[in-house]
>>> print(open('target01.cif').read())   # mmCIF, C-alpha atoms
data_protein
loop_
_atom_site.label_atom_id
_atom_site.label_comp_id
_atom_site.auth_asym_id
_atom_site.auth_seq_id
_atom_site.Cartn_x
_atom_site.Cartn_y
_atom_site.Cartn_z
CA MET A 1 12.70 -21.38 -18.91
CA TYR A 2 12.84 -18.47 -16.49
CA TRP A 3 15.65 -15.91 -16.36
CA PHE A 4 17.44 -14.01 -13.63
CA ASP A 5 19.12 -10.85 -14.96
CA GLY A 6 22.07 -9.60 -12.91
CA HIS A 7 21.91 -6.00 -14.14
CA LEU A 8 19.02 -3.78 -15.27
CA ASP A 9 18.92 0.04 -15.01
CA LEU A 10 15.16 0.26 -14.58
CA ALA A 11 14.80 3.56 -12.68
CA TYR A 12 17.35 5.21 -14.96
CA LEU A 13 15.32 4.17 -18.01
CA ALA A 14 12.19 5.64 -16.43
CA GLN A 15 13.98 8.89 -15.68
CA ARG A 16 15.04 9.13 -19.31
CA GLY A 17 11.33 9.33 -20.10
CA ARG A 18 10.65 5.76 -21.17
CA ASP A 19 7.10 4.54 -20.64
CA MET A 20 7.94 1.38 -18.71
CA ARG A 21 4.37 0.09 -19.18
CA ALA A 22 4.49 0.23 -22.96
CA ASN A 23 5.24 -2.38 -25.59
CA PRO A 24 8.82 -1.56 -26.62
CA ARG A 25 7.85 -1.76 -30.29
CA ALA A 26 5.72 1.34 -29.73
CA ILE A 27 8.70 3.34 -28.43
CA ARG A 28 11.60 4.81 -30.31
CA GLU A 29 14.16 6.91 -28.50
CA GLU A 30 16.93 9.12 -29.85
CA THR A 31 19.39 6.25 -29.50
CA GLY A 32 17.14 3.91 -31.52
CA PRO A 33 14.72 1.06 -30.76
CA VAL A 34 14.30 0.00 -27.14
CA ALA A 35 14.35 -3.37 -25.40
CA VAL A 36 13.35 -3.12 -21.73
CA THR A 37 9.91 -2.33 -20.37
CA PHE A 38 7.96 -4.28 -17.78
CA PRO A 39 5.78 -6.04 -20.38
CA ALA A 40 8.93 -6.94 -22.35
CA LEU A 41 10.58 -8.41 -19.24
CA ALA A 42 7.45 -10.44 -18.53
CA GLN A 43 7.34 -11.67 -22.14
CA GLY A 44 10.98 -12.72 -21.86
CA ARG A 45 10.21 -14.66 -18.66
CA ILE A 46 12.66 -12.58 -16.61
CA ARG A 47 11.38 -13.21 -13.11
CA ARG A 48 14.20 -11.85 -10.95
CA ALA A 49 16.82 -9.17 -11.44
CA ILE A 50 19.39 -6.95 -9.82
CA ALA A 51 18.06 -3.44 -10.42
CA SER A 52 20.43 -0.50 -10.20
CA VAL A 53 20.40 2.92 -8.63
CA PHE A 54 22.56 4.63 -11.23
CA VAL A 55 23.61 8.29 -11.25
CA GLN A 56 26.43 9.88 -13.23
CA PRO A 57 28.35 13.15 -13.45
CA ARG A 58 26.61 15.80 -15.50
CA GLY A 59 28.39 16.63 -18.74
CA GLY A 60 29.75 13.38 -20.18
CA ASP A 61 29.16 9.63 -20.31
CA SER A 62 31.36 6.60 -20.94
CA GLN A 63 31.16 7.29 -24.71
CA ASP A 64 32.20 10.94 -24.27
CA GLN A 65 28.71 12.19 -25.12
CA ALA A 66 27.10 15.13 -23.32
CA VAL A 67 24.42 14.07 -20.87
CA ASP A 68 22.07 15.83 -18.49
CA GLY A 69 18.95 14.75 -16.67
CA PRO A 70 17.55 13.93 -13.25
CA TRP A 71 20.07 11.08 -12.89
CA CYS A 72 23.02 13.50 -13.24
CA TYR A 73 24.90 15.47 -10.60
CA ASP A 74 27.58 18.08 -10.09
CA THR A 75 28.07 17.73 -6.32
CA PRO A 76 27.87 14.91 -3.76
CA ALA A 77 24.66 16.46 -2.39
CA GLU A 78 23.09 16.34 -5.85
CA ALA A 79 24.24 12.73 -6.30
CA PHE A 80 22.64 11.84 -2.97
CA ALA A 81 19.36 13.50 -3.97
CA ALA A 82 19.38 11.88 -7.41
CA SER A 83 19.96 8.44 -5.88
CA LEU A 84 17.07 8.90 -3.46
CA ALA A 85 14.84 9.96 -6.36
CA GLN A 86 15.55 6.65 -8.11
CA LEU A 87 14.83 4.76 -4.91
CA GLU A 88 11.50 6.58 -4.77
CA ILE A 89 10.68 5.26 -8.24
CA TYR A 90 11.37 1.71 -7.05
CA ARG A 91 9.32 2.32 -3.90
CA ARG A 92 6.35 3.45 -5.95
CA TRP A 93 6.66 0.49 -8.29
CA HIS A 94 6.73 -1.78 -5.25
CA ALA A 95 3.76 -0.02 -3.68
CA ASP A 96 1.53 -0.46 -6.73
CA GLY A 97 2.60 -4.05 -7.36
CA THR A 98 4.58 -3.45 -10.55
CA LEU A 99 7.55 -5.17 -8.93
CA ARG A 100 8.40 -6.54 -5.54
CA PHE A 101 11.58 -6.55 -3.56
CA ALA A 102 13.44 -9.72 -2.73
CA PRO A 103 12.67 -11.17 0.70
CA GLY A 104 14.73 -9.40 3.30
CA ALA A 105 14.66 -6.11 1.40
CA HIS A 106 11.02 -5.32 0.64
CA GLY A 107 10.06 -4.68 4.26
CA THR A 108 12.72 -2.00 4.73
CA VAL A 109 11.65 0.51 2.10
CA PRO A 110 9.60 3.03 4.09
CA GLU A 111 7.11 5.57 2.90
CA PRO A 112 8.70 9.04 2.91
CA SER A 113 8.00 10.72 6.23
CA ALA A 114 7.71 14.42 7.02
CA ASP A 115 10.05 14.07 9.99
CA ARG A 116 12.88 12.66 7.91
CA PRO A 117 15.67 15.01 6.83
CA ASP A 118 15.88 13.50 3.34
CA ALA A 119 13.90 16.22 1.61
CA ALA A 120 14.80 14.97 -1.85
CA SER A 121 12.92 11.73 -1.24
CA ARG A 122 9.76 13.69 -0.39
CA GLN A 123 9.67 15.71 -3.58
CA PRO A 124 7.26 14.63 -6.31
CA LEU A 125 8.95 12.95 -9.26
CA ARG A 126 9.81 15.20 -12.16
CA LYS A 127 7.44 15.11 -15.09
CA GLN A 128 9.68 12.92 -17.21
CA ASN A 129 9.89 10.42 -14.32
CA ASP A 130 6.14 10.18 -13.89
CA VAL A 131 5.75 6.98 -15.83
CA VAL A 132 4.90 4.73 -12.90
CA PRO A 133 1.92 2.52 -13.79
CA SER A 134 -1.18 2.62 -11.64
CA ARG A 135 -1.65 -1.14 -11.58
CA SER A 136 0.26 -4.16 -12.85
CA GLY A 137 -2.44 -6.81 -13.03
CA ASP A 138 -1.32 -7.91 -16.51
CA LEU A 139 2.26 -8.41 -15.32
CA GLU A 140 1.69 -11.14 -12.71
CA PRO A 141 3.78 -12.50 -11.22
CA PRO A 142 5.62 -9.21 -10.81
CA LEU A 143 9.34 -8.93 -11.33
CA GLU A 144 11.34 -9.50 -8.13
CA VAL A 145 14.38 -7.27 -7.66
CA MET A 146 17.40 -6.78 -5.42
CA LEU A 147 18.69 -3.20 -5.44
CA LEU A 148 22.27 -2.28 -6.37
CA LEU A 149 23.88 1.08 -5.60
CA GLU A 150 26.01 1.37 -8.74
CA GLY A 151 28.99 3.66 -8.26
CA ALA A 152 28.09 4.92 -4.77
CA ALA A 153 28.44 8.54 -5.91
CA GLY A 154 25.39 9.40 -3.82
CA VAL A 155 27.04 8.17 -0.62
CA ARG A 156 28.40 11.33 0.98
CA SER A 157 29.93 9.51 3.97
CA PRO A 158 30.00 5.88 5.10
CA GLU A 159 27.13 6.67 7.47
CA ASP A 160 24.88 7.38 4.47
CA LEU A 161 24.97 3.68 3.63
CA HIS A 162 22.44 3.10 6.42
CA THR A 163 20.02 5.43 4.61
CA PHE A 164 20.34 3.45 1.40
CA TYR A 165 20.11 0.12 3.22
CA SER A 166 16.90 1.27 4.93
CA ARG A 167 15.43 1.85 1.46
CA GLY A 168 16.22 -1.64 0.22
CA VAL A 169 19.75 -1.42 -1.23
CA ARG A 170 21.59 -4.71 -0.64
CA ILE A 171 24.48 -4.53 -3.14
CA LEU A 172 27.27 -1.93 -3.27
CA ALA A 173 29.55 -0.96 -6.15
CA LEU A 174 32.21 1.58 -5.16
CA SER A 175 32.77 3.17 -8.55
CA TRP A 176 31.58 3.83 -12.06
CA VAL A 177 33.79 4.47 -15.08
CA GLY A 178 35.55 7.64 -13.95
CA GLY A 179 36.15 6.74 -10.34
CA THR A 180 34.71 8.20 -7.14
CA SER A 181 36.00 9.33 -3.77
CA TRP A 182 35.73 5.65 -2.80
CA ALA A 183 37.69 3.89 -5.56
CA GLY A 184 39.20 4.10 -9.02
CA GLY A 185 37.02 3.28 -12.01
CA ASP A 186 37.71 1.22 -15.11
CA GLN A 187 38.62 4.34 -17.10
CA SER A 188 40.40 6.29 -14.36
CA GLY A 189 42.66 3.77 -12.66
CA GLY A 190 43.43 4.24 -9.00
CA ASP A 191 42.95 2.09 -5.94
CA VAL A 192 40.35 1.96 -3.19
CA THR A 193 40.83 5.06 -1.04
CA PRO A 194 41.06 5.03 2.77
CA ALA A 195 37.47 6.34 2.84
CA GLY A 196 36.52 3.54 0.45
CA ARG A 197 37.93 0.96 2.83
CA ARG A 198 35.76 2.40 5.59
CA LEU A 199 32.76 2.16 3.26
CA LEU A 200 33.58 -1.49 2.51
CA ALA A 201 33.68 -2.19 6.25
CA GLN A 202 30.32 -0.50 6.67
CA ALA A 203 28.85 -2.60 3.88
CA ASP A 204 30.23 -5.74 5.51
CA GLN A 205 28.58 -4.77 8.80
CA LEU A 206 25.27 -4.43 6.95
CA ALA A 207 25.80 -7.85 5.28
CA MET A 208 25.72 -6.35 1.79
CA VAL A 209 27.13 -7.91 -1.38
CA HIS A 210 30.00 -6.18 -3.23
CA ASP A 211 29.85 -5.56 -7.00
CA VAL A 212 33.25 -5.23 -8.70
CA SER A 213 32.03 -4.27 -12.19
CA HIS A 214 33.45 -0.88 -13.24
CA LEU A 215 36.31 -0.98 -10.73
CA SER A 216 39.86 -0.37 -11.88
CA GLU A 217 42.01 -3.46 -11.69
CA ALA A 218 43.86 -2.13 -8.64
CA ALA A 219 40.57 -1.40 -6.88
CA PHE A 220 39.25 -4.85 -7.82
CA TRP A 221 42.11 -6.56 -6.01
CA LYS A 222 41.75 -4.30 -2.99
CA VAL A 223 38.04 -5.18 -2.71
CA MET A 224 38.87 -8.86 -3.03
CA GLU A 225 41.43 -8.47 -0.25
CA CYS A 226 39.58 -6.18 2.16
CA ALA A 227 35.87 -6.87 1.79
CA GLY A 228 34.60 -9.84 3.72
CA ARG A 229 31.18 -10.29 2.15
CA PRO A 230 30.49 -12.14 -1.13
CA LYS A 231 31.39 -10.51 -4.45
CA ILE A 232 29.86 -10.31 -7.89
CA ALA A 233 30.73 -8.76 -11.23
CA SER A 234 27.14 -7.97 -12.15
CA HIS A 235 27.75 -7.06 -15.80
CA SER A 236 31.30 -7.78 -16.96
CA ASN A 237 32.82 -9.83 -19.77
CA CYS A 238 36.14 -11.51 -20.61
CA ARG A 239 39.14 -9.29 -21.37
CA ALA A 240 40.94 -12.12 -23.17
CA LEU A 241 38.28 -12.05 -25.89
CA LEU A 242 38.38 -8.25 -26.28
CA THR A 243 41.97 -7.54 -27.21
CA ALA A 244 41.06 -4.27 -28.97
CA ALA A 245 38.98 -2.89 -26.11
CA ARG A 246 39.26 0.86 -25.65
CA HIS A 247 39.13 0.47 -21.88
CA PRO A 248 40.44 -3.01 -21.08
CA GLU A 249 39.93 -2.72 -17.31
CA ARG A 250 36.17 -2.62 -17.94
CA HIS A 251 36.51 -6.36 -18.62
CA LEU A 252 37.77 -9.16 -16.40
CA SER A 253 41.20 -10.70 -16.86
CA ASP A 254 41.49 -14.46 -16.54
CA GLN A 255 43.16 -13.95 -13.16
CA GLN A 256 40.21 -11.87 -11.97
CA ILE A 257 37.75 -14.45 -13.27
CA ARG A 258 39.53 -17.22 -11.35
CA ALA A 259 39.67 -15.09 -8.20
CA LEU A 260 35.91 -14.49 -8.29
CA ALA A 261 35.29 -18.20 -8.85
CA ASP A 262 37.61 -19.18 -6.00
CA ALA A 263 35.72 -16.76 -3.74
CA GLY A 264 32.36 -18.27 -4.70
CA GLY A 265 31.36 -15.15 -6.61
CA MET A 266 29.22 -14.58 -9.70
CA ILE A 267 29.90 -13.07 -13.12
CA GLY A 268 26.99 -11.67 -15.12
CA ILE A 269 27.62 -11.65 -18.87
CA ASN A 270 26.90 -8.24 -20.42
CA LEU A 271 24.94 -8.15 -23.72
CA TYR A 272 26.26 -4.81 -24.98
CA SER A 273 27.66 -5.57 -28.44
CA HIS A 274 30.90 -3.61 -27.93
CA PHE A 275 31.59 -5.66 -24.80
CA LEU A 276 31.24 -8.92 -26.70
CA ALA A 277 33.18 -8.54 -29.95
CA ASN A 278 36.14 -6.53 -31.25
CA ARG A 279 35.02 -3.70 -33.53
CA ARG A 280 32.15 -5.49 -35.23
CA PRO A 281 28.48 -6.10 -34.46
CA ALA A 282 28.19 -8.97 -32.01
CA GLN A 283 26.25 -12.16 -32.60
CA VAL A 284 24.70 -14.51 -30.08
CA ALA A 285 27.67 -16.80 -30.75
CA ASP A 286 29.87 -14.15 -29.11
CA VAL A 287 27.83 -14.42 -25.90
CA VAL A 288 28.44 -18.17 -26.00
CA ARG A 289 32.20 -17.55 -26.43
CA HIS A 290 32.29 -15.45 -23.25
CA VAL A 291 30.25 -18.00 -21.30
CA CYS A 292 32.47 -20.86 -22.42
CA HIS A 293 35.63 -18.86 -21.68
CA VAL A 294 34.50 -18.38 -18.08
CA LEU A 295 33.65 -22.09 -17.79
CA ASP A 296 37.03 -23.11 -19.24
CA THR A 297 38.98 -20.58 -17.16
CA THR A 298 37.40 -21.54 -13.85
CA GLY A 299 36.70 -25.22 -14.39
CA ARG A 300 33.28 -24.76 -12.80
CA ASP A 301 29.81 -23.84 -13.99
CA ASP A 302 28.13 -22.40 -10.89
CA GLY A 303 29.57 -18.88 -10.99
CA ILE A 304 28.17 -17.47 -14.21
CA GLY A 305 24.83 -15.99 -15.23
CA LEU A 306 23.24 -13.23 -17.22
CA GLY A 307 23.96 -9.57 -16.40
CA SER A 308 22.51 -8.12 -19.57
CA ASP A 309 22.62 -4.33 -18.89
CA MET A 310 19.96 -4.51 -21.59
CA ASP A 311 19.68 -1.12 -23.34
CA GLY A 312 20.89 0.74 -20.28
CA GLY A 313 22.32 3.67 -22.22
CA PHE A 314 22.43 1.99 -25.63
CA SER A 315 19.90 0.92 -28.23
CA ALA A 316 18.35 -2.49 -28.77
CA ASP A 317 20.24 -2.53 -32.08
CA GLU A 318 23.45 -2.81 -30.04
CA LEU A 319 22.46 -6.16 -28.56
CA PRO A 320 23.97 -9.31 -30.13
CA ALA A 321 21.96 -10.41 -33.16
CA PRO A 322 19.38 -11.87 -33.28
CA ILE A 323 18.64 -10.75 -29.68
CA ARG A 324 16.72 -7.49 -29.66
CA GLY A 325 15.00 -7.77 -26.30
CA PRO A 326 14.10 -10.06 -23.40
CA ALA A 327 11.79 -12.22 -25.52
CA ASP A 328 14.82 -13.31 -27.58
CA LEU A 329 16.71 -14.76 -24.61
CA ALA A 330 15.32 -18.15 -25.58
CA ARG A 331 17.61 -17.95 -28.59
CA LEU A 332 20.56 -17.57 -26.26
CA GLY A 333 19.47 -20.72 -24.45
CA GLU A 334 19.31 -22.53 -27.79
CA ALA A 335 22.78 -21.29 -28.74
CA LEU A 336 24.21 -22.53 -25.43
CA HIS A 337 22.62 -25.92 -26.10
CA ARG A 338 24.18 -26.08 -29.57
CA ALA A 339 27.55 -25.27 -27.97
CA GLY A 340 27.29 -28.42 -25.88
CA LEU A 341 26.13 -27.10 -22.51
CA SER A 342 23.87 -29.47 -20.61
CA ASP A 343 20.33 -28.64 -19.60
CA ARG A 344 21.56 -28.28 -16.02
CA GLN A 345 24.29 -25.84 -17.04
CA ILE A 346 21.90 -23.78 -19.14
CA GLU A 347 19.36 -23.59 -16.32
CA GLY A 348 22.14 -22.54 -13.99
CA PHE A 349 23.23 -19.76 -16.33
CA ALA A 350 19.67 -18.59 -16.93
CA PHE A 351 18.44 -18.60 -13.34
CA GLY A 352 19.77 -21.05 -10.79
CA ASN A 353 23.32 -19.82 -10.30
CA TRP A 354 22.26 -16.33 -9.27
CA GLU A 355 19.60 -17.72 -6.95
CA ARG A 356 22.04 -20.11 -5.30
CA PHE A 357 24.64 -17.35 -4.92
CA PHE A 358 22.24 -15.18 -2.93
CA ARG A 359 21.22 -18.15 -0.81
CA ARG A 360 24.89 -18.78 0.06
CA ALA A 361 25.23 -15.07 0.83
CA GLY A 362 22.44 -15.38 3.42
CA MET A 363 20.00 -13.49 1.17
CA PRO A 364 17.60 -16.19 -0.12
CA TRP A 365 14.89 -15.03 -2.49
CA ASP A 366 12.55 -17.83 -1.49
CA GLU A 367 11.12 -16.99 1.92
CA GLN A 368 10.46 -20.65 2.63
CA GLU A 369 14.12 -21.60 2.34
CA ASP A 370 16.76 -21.26 5.05
#
>>> encode(input="target01.cif", output="structure tokens")
Amino acid sequence: MYWFDGHLDLAYLAQRGRDMRANPRAIREETGPVAVTFPALAQGRIRRAIASVFVQPRGGDSQDQAVDGPWCYDTPAEAFAASLAQLEIYRRWHADGTLRFAPGAHGTVPEPSADRPDAASRQPLRKQNDVVPSRSGDLEPPLEVMLLLEGAAGVRSPEDLHTFYSRGVRILALSWVGGTSWAGGDQSGGDVTPAGRRLLAQADQLAMVHDVSHLSEAAFWKVMECAGRPKIASHSNCRALLTAARHPERHLSDQQIRALADAGGMIGINLYSHFLANRRPAQVADVVRHVCHVLDTTGRDDGIGLGSDMDGGFSADELPAPIRGPADLARLGEALHRAGLSDRQIEGFAFGNWERFFRRAGMPWDEQED
């Protein structure tokens, strides 16, 4: 069975210094064992994914830990440059065949040009970023990705969205945890700002998809009201099952889940242990609980998939046991089967629902299909 993952922070992991060509068992980072590298994704039969452009404020993360690195920023100009640097990583991976962009996106990621004003995109990658493989012959077929601008901190004005679109970005998320000039985040509260509404309109004009993960609840409802294009929650779980959550708006209420389903949207289930269970290590059964809660809440099975966020800022030990990497996703499929899901429902969760969502959004991944 193949998998479609709705959220992977691939460029961010590379910028942290991870050798994305290595066997994850050969790598140990400060946070602990790792899960995601390109060989690991291939072993886990992950064939398609939403890959993020993720930058964050310098100084603190969602767990109140000090952070600094090439993905961090202090000013909008630095956020813009950091976002372009991640897009350059994806461009290089595409150029050498390590991955390929989904149809409709891959042809719009240009080589940096000397006559472009985006100087940051022309700079060589920093040493810790220089982990781009020379060839990917052992990874065929390569991973196919659609790019997500997570948080939009690097968008200095709505007009910047054209720059990101020209480099392959097809999905927009207005905010990360602490909020942006565009919208409130899941830890900050606050609504979509007037500038954020203009950015939503610009995204609609470019036929982009909107990601509501990390929005405050007020901003979620504003996006549902104002944005015309299809919506996803790329990596969000069920608030009703996380009654002790430190930041409850990080998770979807039942009303939000039903609203996304009614709008034909998608929810990607996040595999971070603390987003699956209350104050205890999560098990694969907890993933099943969240999947079944979405199915029961919506009364439909075509709006849910995987959005693993797999070790994007946390260790492989913080995945639900016994899952410790992409190769263990087969165990999730087995657990869904034991819970009574049909083969059709399991295939939809693993791959088909995401693919059909993008087809309905006018962004088919199969070039032969209308």
>>> resolve_selection(input="target01.cif", expression="the PyMOL selection byres ((chain A and resi 242) around 8)", output="short mmCIF file (atom, residue, chain, number, x, y, z; two decimals) with C-alpha atoms, in the coordinates of the input")
data_model
loop_
_atom_site.label_atom_id
_atom_site.label_comp_id
_atom_site.auth_asym_id
_atom_site.auth_seq_id
_atom_site.Cartn_x
_atom_site.Cartn_y
_atom_site.Cartn_z
CA CYS A 238 36.14 -11.51 -20.61
CA ARG A 239 39.14 -9.29 -21.37
CA ALA A 240 40.94 -12.12 -23.17
CA LEU A 241 38.28 -12.05 -25.89
CA THR A 243 41.97 -7.54 -27.21
CA ALA A 244 41.06 -4.27 -28.97
CA ALA A 245 38.98 -2.89 -26.11
CA PRO A 248 40.44 -3.01 -21.08
CA PHE A 275 31.59 -5.66 -24.80
CA LEU A 276 31.24 -8.92 -26.70
CA ALA A 277 33.18 -8.54 -29.95
CA ASN A 278 36.14 -6.53 -31.25
#
>>> closest_atom_pairs(input="target01.cif", of="segment 43-72 of chain A", to="segment 349-367 of chain A", cutoff="12 Å", atoms="only C-alpha atoms", output="Markdown table")
| residue | atom | partner | partner_atom | distance |
| --- | --- | --- | --- | --- |
| A:Gly44 | CA | A:Ala350 | CA | 11.6 |
| A:Arg45 | CA | A:Ala350 | CA | 10.4 |
| A:Ile46 | CA | A:Phe351 | CA | 9.0 |
| A:Arg47 | CA | A:Phe351 | CA | 8.9 |
| A:Arg48 | CA | A:Phe351 | CA | 8.3 |
| A:Ala49 | CA | A:Trp354 | CA | 9.3 |
| A:Ile50 | CA | A:Trp354 | CA | 9.8 |
>>> resolve_selection(input="target01.cif", expression="the PyMOL selection byres ((chain A and resi 237) around 9)", output="PyMOL selection string")
chain A and resi 233+235-236+238-239+241-242+250-253+267-271+275-276+290-291+294
>>> resolve_selection(input="target01.cif", expression="the PyMOL selection byres ((chain A and resi 10-18) around 8)", output="list in words")
Leu8, Asp9, Asp19, Met20, Ile27, Ala51, Ser52, Val53, Phe54, Val55, Gly69, Pro70, Trp71, Gln86, Leu87, Ile89, Tyr90, Gln128, Asn129, Asp130, Val131 and Gly312 of chain A
>>> closest_residue(input="target01.cif", among="A:Ala285, A:Ala261, A:Leu84, A:Met310", to="Thr163 of chain A", atoms="all atoms listed in the file")
A:Leu84
>>> closest_residue(input="target01.cif", among="A:Ile232, A:Ile346, A:Ala203, A:Val192", to="Ala219 of chain A", atoms="only C-alpha atoms")
A:Val192
>>> residues_around(input="target01.cif", residues="Asp74 of chain A", least_positions_apart="2", cutoff="12 Å", atoms="only C-alpha atoms", output="list in words")
Val55, Gln56, Pro57, Arg58, Gly59, Gly60, Val67, Asp68, Gly69, Pro70, Trp71, Cys72, Pro76, Ala77, Glu78, Ala79, Phe80, Ala81, Ala82, Ala153 and Gly154 of chain A
>>> write_last_selection(input="target01.cif", atoms="C-alpha atoms", output="PDB file, keeping the file's coordinate frame")
ATOM      1  CA  VAL A  55      23.610   8.290 -11.250  1.00  0.00           C
ATOM      2  CA  GLN A  56      26.430   9.880 -13.230  1.00  0.00           C
ATOM      3  CA  PRO A  57      28.350  13.150 -13.450  1.00  0.00           C
ATOM      4  CA  ARG A  58      26.610  15.800 -15.500  1.00  0.00           C
ATOM      5  CA  GLY A  59      28.390  16.630 -18.740  1.00  0.00           C
ATOM      6  CA  GLY A  60      29.750  13.380 -20.180  1.00  0.00           C
ATOM      7  CA  VAL A  67      24.420  14.070 -20.870  1.00  0.00           C
ATOM      8  CA  ASP A  68      22.070  15.830 -18.490  1.00  0.00           C
ATOM      9  CA  GLY A  69      18.950  14.750 -16.670  1.00  0.00           C
ATOM     10  CA  PRO A  70      17.550  13.930 -13.250  1.00  0.00           C
ATOM     11  CA  TRP A  71      20.070  11.080 -12.890  1.00  0.00           C
ATOM     12  CA  CYS A  72      23.020  13.500 -13.240  1.00  0.00           C
ATOM     13  CA  PRO A  76      27.870  14.910  -3.760  1.00  0.00           C
ATOM     14  CA  ALA A  77      24.660  16.460  -2.390  1.00  0.00           C
ATOM     15  CA  GLU A  78      23.090  16.340  -5.850  1.00  0.00           C
ATOM     16  CA  ALA A  79      24.240  12.730  -6.300  1.00  0.00           C
ATOM     17  CA  PHE A  80      22.640  11.840  -2.970  1.00  0.00           C
ATOM     18  CA  ALA A  81      19.360  13.500  -3.970  1.00  0.00           C
ATOM     19  CA  ALA A  82      19.380  11.880  -7.410  1.00  0.00           C
ATOM     20  CA  ALA A 153      28.440   8.540  -5.910  1.00  0.00           C
ATOM     21  CA  GLY A 154      25.390   9.400  -3.820  1.00  0.00           C
TER      22      GLY A 154
END
>>> atom_distance(input="target01.cif", atom1="atom CA of Ala35 of chain A", atom2="atom CA of Pro320 of chain A")
12.3 Å
>>> closest_residue(input="target01.cif", among="A:Lys222, A:Pro141, A:Arg28, A:Gly196", to="Gln43 of chain A", atoms="all atoms listed in the file")
A:Pro141
>>> axis_aligned_box(input="target01.cif", around="segment 277-295 of chain A", padding_each_side="8 Å", output="lines of an AutoDock Vina configuration file")
center_x = 30.4
center_y = -12.9
center_z = -26.5
size_x = 27.4
size_y = 34.4
size_z = 33.4
>>> atom_distance(input="target01.cif", atom1="atom CA of Glu225 of chain A", atom2="atom CA of Arg197 of chain A")
10.5 Å
>>> decode(input="target01.cif", residues="segment 336-352 of chain A", atoms="N, CA and C atoms", output="PDB file, in the first residue's frame")
ATOM      1  N   LEU A 336      -5.987   0.061  11.655  1.00  0.00           N
ATOM      2  CA  LEU A 336      -7.255   0.531  11.102  1.00  0.00           C
ATOM      3  C   LEU A 336      -8.125  -0.642  10.656  1.00  0.00           C
ATOM      4  N   HIS A 337      -7.496  -1.668  10.127  1.00  0.00           N
ATOM      5  CA  HIS A 337      -8.244  -2.873   9.715  1.00  0.00           C
ATOM      6  C   HIS A 337      -8.860  -3.553  10.938  1.00  0.00           C
ATOM      7  N   ARG A 338      -8.076  -3.672  12.010  1.00  0.00           N
ATOM      8  CA  ARG A 338      -8.603  -4.306  13.228  1.00  0.00           C
ATOM      9  C   ARG A 338      -9.750  -3.499  13.813  1.00  0.00           C
ATOM     10  N   ALA A 339      -9.743  -2.193  13.581  1.00  0.00           N
ATOM     11  CA  ALA A 339     -10.814  -1.330  14.106  1.00  0.00           C
ATOM     12  C   ALA A 339     -12.083  -1.423  13.278  1.00  0.00           C
ATOM     13  N   GLY A 340     -12.048  -2.148  12.180  1.00  0.00           N
ATOM     14  CA  GLY A 340     -13.252  -2.361  11.394  1.00  0.00           C
ATOM     15  C   GLY A 340     -13.359  -1.544  10.124  1.00  0.00           C
ATOM     16  N   LEU A 341     -12.321  -0.751   9.786  1.00  0.00           N
ATOM     17  CA  LEU A 341     -12.370  -0.005   8.535  1.00  0.00           C
ATOM     18  C   LEU A 341     -12.210  -0.963   7.358  1.00  0.00           C
ATOM     19  N   SER A 342     -12.915  -0.666   6.284  1.00  0.00           N
ATOM     20  CA  SER A 342     -12.838  -1.508   5.093  1.00  0.00           C
ATOM     21  C   SER A 342     -11.545  -1.240   4.339  1.00  0.00           C
ATOM     22  N   ASP A 343     -11.225  -2.145   3.427  1.00  0.00           N
ATOM     23  CA  ASP A 343     -10.041  -1.936   2.596  1.00  0.00           C
ATOM     24  C   ASP A 343     -10.149  -0.619   1.827  1.00  0.00           C
ATOM     25  N   ARG A 344     -11.349  -0.300   1.354  1.00  0.00           N
ATOM     26  CA  ARG A 344     -11.542   0.948   0.615  1.00  0.00           C
ATOM     27  C   ARG A 344     -11.287   2.152   1.505  1.00  0.00           C
ATOM     28  N   GLN A 345     -11.782   2.105   2.746  1.00  0.00           N
ATOM     29  CA  GLN A 345     -11.567   3.222   3.660  1.00  0.00           C
ATOM     30  C   GLN A 345     -10.099   3.376   4.028  1.00  0.00           C
ATOM     31  N   ILE A 346      -9.412   2.268   4.221  1.00  0.00           N
ATOM     32  CA  ILE A 346      -7.996   2.326   4.577  1.00  0.00           C
ATOM     33  C   ILE A 346      -7.184   2.871   3.414  1.00  0.00           C
ATOM     34  N   GLU A 347      -7.488   2.439   2.201  1.00  0.00           N
ATOM     35  CA  GLU A 347      -6.782   2.972   1.030  1.00  0.00           C
ATOM     36  C   GLU A 347      -7.053   4.458   0.869  1.00  0.00           C
ATOM     37  N   GLY A 348      -8.283   4.874   1.165  1.00  0.00           N
ATOM     38  CA  GLY A 348      -8.600   6.287   1.092  1.00  0.00           C
ATOM     39  C   GLY A 348      -7.803   7.091   2.092  1.00  0.00           C
ATOM     40  N   PHE A 349      -7.706   6.597   3.328  1.00  0.00           N
ATOM     41  CA  PHE A 349      -6.929   7.291   4.348  1.00  0.00           C
ATOM     42  C   PHE A 349      -5.460   7.334   3.962  1.00  0.00           C
ATOM     43  N   ALA A 350      -4.928   6.238   3.479  1.00  0.00           N
ATOM     44  CA  ALA A 350      -3.499   6.149   3.185  1.00  0.00           C
ATOM     45  C   ALA A 350      -3.098   6.991   1.983  1.00  0.00           C
ATOM     46  N   PHE A 351      -3.953   7.072   0.970  1.00  0.00           N
ATOM     47  CA  PHE A 351      -3.518   7.688  -0.283  1.00  0.00           C
ATOM     48  C   PHE A 351      -4.648   8.384  -1.046  1.00  0.00           C
ATOM     49  N   GLY A 352      -5.729   7.670  -1.276  1.00  0.00           N
ATOM     50  CA  GLY A 352      -6.713   8.110  -2.254  1.00  0.00           C
ATOM     51  C   GLY A 352      -7.449   9.382  -1.913  1.00  0.00           C
TER      52      GLY A 352
END
